[in-house]
file protein36.cif (mmCIF, C-alpha atoms)
data_my_file
#
loop_
_atom_site.label_atom_id
_atom_site.label_comp_id
_atom_site.auth_asym_id
_atom_site.auth_seq_id
_atom_site.Cartn_x
_atom_site.Cartn_y
_atom_site.Cartn_z
CA MET A 18 27.71 34.78 -26.06
CA LEU A 19 28.87 31.64 -24.23
CA LYS A 20 27.95 31.17 -20.60
CA ALA A 21 30.74 30.58 -18.12
CA GLU A 22 31.16 27.09 -16.71
CA PRO A 23 29.45 26.80 -13.30
CA ASP A 24 31.66 26.83 -10.25
CA TRP A 25 30.94 23.25 -9.15
CA ASP A 26 32.98 23.58 -5.94
CA ASN A 27 30.41 26.02 -4.55
CA TYR A 28 27.43 23.71 -5.14
CA LEU A 29 26.17 21.41 -2.41
CA ARG A 30 28.05 18.18 -2.36
CA PHE A 31 26.02 15.07 -3.14
CA ASP A 32 26.17 12.34 -0.51
CA PRO A 33 24.90 9.13 -2.15
CA ASP A 34 24.57 7.26 1.17
CA ALA A 35 22.47 9.98 2.76
CA PHE A 36 20.36 10.23 -0.39
CA ALA A 37 19.78 6.46 -0.48
CA GLN A 38 18.73 6.50 3.17
CA PHE A 39 16.36 9.40 2.49
CA LEU A 40 14.80 7.58 -0.49
CA TRP A 41 14.36 4.38 1.55
CA TYR A 42 12.60 6.21 4.38
CA ALA A 43 10.53 8.42 2.05
CA LYS A 44 9.36 5.37 0.13
CA LEU A 45 8.69 3.10 3.08
CA ALA A 46 7.52 5.45 5.83
CA THR A 47 4.27 7.37 5.64
CA LYS A 48 2.00 8.86 8.26
CA VAL A 49 -1.12 7.05 9.39
CA ARG A 50 -3.90 8.39 11.62
CA LEU A 51 -4.66 6.13 14.58
CA PRO A 52 -8.13 5.56 16.05
CA ASP A 53 -7.33 7.93 18.94
CA GLY A 54 -6.65 10.73 16.43
CA SER A 55 -2.88 10.77 16.82
CA GLU A 56 -0.45 10.20 13.95
CA ALA A 57 2.25 7.56 13.70
CA ASP A 58 4.70 6.35 11.09
CA LEU A 59 3.74 3.44 8.90
CA VAL A 60 6.69 1.46 7.57
CA GLU A 61 5.76 -0.66 4.57
CA ASN A 62 7.13 -4.18 4.32
CA LYS A 63 7.92 -6.20 1.23
CA PHE A 64 5.63 -9.18 0.85
CA GLU A 65 4.77 -12.07 -1.43
CA ALA A 66 1.16 -12.98 -2.23
CA LEU A 67 0.83 -16.69 -1.49
CA LYS A 68 -2.81 -17.07 -2.51
CA GLU A 69 -5.45 -14.71 -3.90
CA GLU A 70 -8.75 -16.39 -4.65
CA TRP A 71 -12.00 -15.20 -6.17
CA ASN A 72 -15.28 -15.14 -4.23
CA GLU A 73 -18.15 -16.06 -6.54
CA TYR A 74 -21.81 -15.11 -6.26
CA ARG A 75 -24.82 -15.93 -8.46
CA LEU A 76 -27.52 -13.26 -8.55
CA SER A 77 -31.21 -14.12 -8.83
CA ASP A 78 -31.20 -13.32 -12.58
CA GLY A 79 -28.32 -15.75 -13.21
CA THR A 80 -25.56 -13.13 -13.37
CA MET A 81 -22.26 -14.31 -11.91
CA VAL A 82 -20.26 -11.80 -9.85
CA ARG A 83 -16.66 -12.61 -9.04
CA PHE A 84 -14.90 -10.53 -6.41
CA LYS A 85 -11.29 -10.50 -5.26
CA VAL A 86 -9.36 -8.35 -2.80
CA VAL A 87 -5.76 -7.69 -3.89
CA VAL A 88 -3.35 -6.40 -1.28
CA THR A 89 -1.15 -3.59 -2.62
CA ALA A 90 0.83 -2.74 0.52
CA ILE A 91 1.32 -3.98 4.07
CA GLY A 92 2.88 -1.86 6.77
CA ARG A 93 3.58 -1.87 10.47
CA VAL A 94 2.84 1.10 12.70
CA VAL A 95 5.98 2.26 14.52
CA ASN A 96 6.44 4.72 17.36
CA GLU A 97 8.72 7.77 17.38
CA ARG A 98 11.72 5.52 18.13
CA GLY A 99 10.96 3.32 15.11
CA GLU A 100 9.77 0.40 17.26
CA ILE A 101 6.83 -1.76 16.16
CA THR A 102 3.67 -0.93 18.14
CA TYR A 103 1.16 -3.42 19.56
CA ASN A 104 -2.53 -3.21 20.45
CA ASN A 105 -4.05 -4.05 23.85
CA GLU A 106 -4.12 -7.77 22.99
CA GLY A 107 -0.40 -7.81 22.16
CA VAL A 108 -0.91 -8.04 18.39
CA GLN A 109 1.23 -5.89 16.07
CA ASN A 110 -0.51 -2.85 14.60
CA VAL A 111 -0.57 -3.61 10.88
CA VAL A 112 -2.17 -1.58 8.10
CA VAL A 113 -3.19 -3.29 4.85
CA LYS A 114 -3.82 -1.29 1.68
CA SER A 115 -5.88 -3.11 -0.91
CA MET A 116 -7.97 -2.81 -4.04
CA ASN A 117 -11.12 -4.65 -5.07
CA ILE A 118 -11.48 -6.39 -8.41
CA VAL A 119 -14.98 -7.20 -9.61
CA HIS A 120 -15.74 -9.35 -12.65
CA VAL A 121 -19.37 -9.63 -13.83
CA ILE A 122 -20.48 -12.42 -16.15
CA ASP A 123 -23.91 -11.94 -17.68
CA PRO A 124 -25.93 -15.11 -18.23
CA PRO A 125 -26.90 -16.06 -21.79
CA PRO A 126 -30.00 -14.07 -22.84
CA ASP A 127 -32.22 -17.19 -23.11
CA THR A 128 -31.47 -18.26 -19.49
CA ARG A 129 -31.96 -14.93 -17.73
CA SER A 130 -34.57 -14.74 -15.00
CA ASN A 131 -35.73 -11.82 -12.84
#

call {"tool": "encode", "arguments": {"input": "protein36.cif", "output": "structure tokens"}}
result
Amino acid sequence: MLKAEPDWDNYLRFDPDAFAQFLWYAKLATKVRLPDGSEADLVENKFEALKEEWNEYRLSDGTMVRFKVVVTAIGRVVNERGEITYNNEGVQNVVVKSMNIVHVIDPPPDTRSN
């Protein structure tokens, strides 16, 4: 038995502009908890990494540890009207999401010390 064709006129109409606006806000705005316990919107900004360098450390046994922080997202805290918020010193409230990368290089076995 064949099913009847759906009555497309009775389905919700798709508004591409409203959907695009929803996707933009859903992708860029998230909630963040402030130090006072309240919540605010965090609007992520596009950014370009200009420089990401390694920090290098030599342990007492000769092992080299390389460490780098890589920023994955940067956002500004906005109030209920969508305006950028500032702290008591007049600096924008910015949240940085990041990940740590650690690279360990063992010394050659004949040069290891304790």

call {"tool": "resolve_selection", "arguments": {"input": "protein36.cif", "expression": "the PyMOL selection byres ((chain A and resi 120) around 6)", "output": "mmCIF file with C-alpha atoms, in the frame of the given file"}}
result
data_model
loop_
_atom_site.group_PDB
_atom_site.id
_atom_site.type_symbol
_atom_site.label_atom_id
_atom_site.label_comp_id
_atom_site.auth_asym_id
_atom_site.auth_seq_id
_atom_site.Cartn_x
_atom_site.Cartn_y
_atom_site.Cartn_z
ATOM 1 C CA VAL A 82 -20.260 -11.800 -9.850
ATOM 2 C CA ARG A 83 -16.660 -12.610 -9.040
ATOM 3 C CA VAL A 119 -14.980 -7.200 -9.610
ATOM 4 C CA VAL A 121 -19.370 -9.630 -13.830
#

call {"tool": "closest_residue", "arguments": {"input": "protein36.cif", "among": "A:Asn104, A:Val87, A:Arg50, A:Val112", "to": "Leu67 (chain A)", "atoms": "all atoms listed in the file"}}
result
A:Val87

call {"tool": "resolve_selection", "arguments": {"input": "protein36.cif", "expression": "the PyMOL selection byres ((chain A and resi 70) around 10)", "output": "PDB file with C-alpha atoms, keeping the file's coordinate frame"}}
result
ATOM      1  CA  LYS A  68      -2.810 -17.070  -2.510  1.00  0.00           C
ATOM      2  CA  GLU A  69      -5.450 -14.710  -3.900  1.00  0.00           C
ATOM      3  CA  TRP A  71     -12.000 -15.200  -6.170  1.00  0.00           C
ATOM      4  CA  ASN A  72     -15.280 -15.140  -4.230  1.00  0.00           C
ATOM      5  CA  GLU A  73     -18.150 -16.060  -6.540  1.00  0.00           C
ATOM      6  CA  ARG A  83     -16.660 -12.610  -9.040  1.00  0.00           C
ATOM      7  CA  PHE A  84     -14.900 -10.530  -6.410  1.00  0.00           C
ATOM      8  CA  LYS A  85     -11.290 -10.500  -5.260  1.00  0.00           C
ATOM      9  CA  VAL A  86      -9.360  -8.350  -2.800  1.00  0.00           C
ATOM     10  CA  VAL A  87      -5.760  -7.690  -3.890  1.00  0.00           C
TER      11      VAL A  87
END

call {"tool": "resolve_selection", "arguments": {"input": "protein36.cif", "expression": "the PyMOL selection byres ((chain A and resi 90-100) around 9)", "output": "number ranges by chain"}}
result
A: 45-46, 48-49, 57-64, 88-89, 101-103, 109-115

call {"tool": "residues_around", "arguments": {"input": "protein36.cif", "residues": "Pro124 (chain A)", "least_positions_apart": "5", "cutoff": "8 Å", "atoms": "all atoms listed in the file", "output": "list of chain:residue names"}}
result
A:Asp78, A:Gly79, A:Thr80, A:Met81, A:Arg129

call {"tool": "atom_distance", "arguments": {"input": "protein36.cif", "atom1": "CA of Ala66 (chain A)", "atom2": "CA of Gly107 (chain A)"}}
result
25.0 Å

call {"tool": "atom_distance", "arguments": {"input": "protein36.cif", "atom1": "CA of Pro126 (chain A)", "atom2": "CA of Tyr74 (chain A)"}}
result
18.5 Å

call {"tool": "atom_distance", "arguments": {"input": "protein36.cif", "atom1": "CA of Val108 (chain A)", "atom2": "CA of Gly54 (chain A)"}}
result
19.7 Å

call {"tool": "closest_residue", "arguments": {"input": "protein36.cif", "among": "A:Ile118, A:Glu56, A:Asp123, A:Thr47", "to": "Arg75 (chain A)", "atoms": "all atoms listed in the file"}}
result
A:Asp123
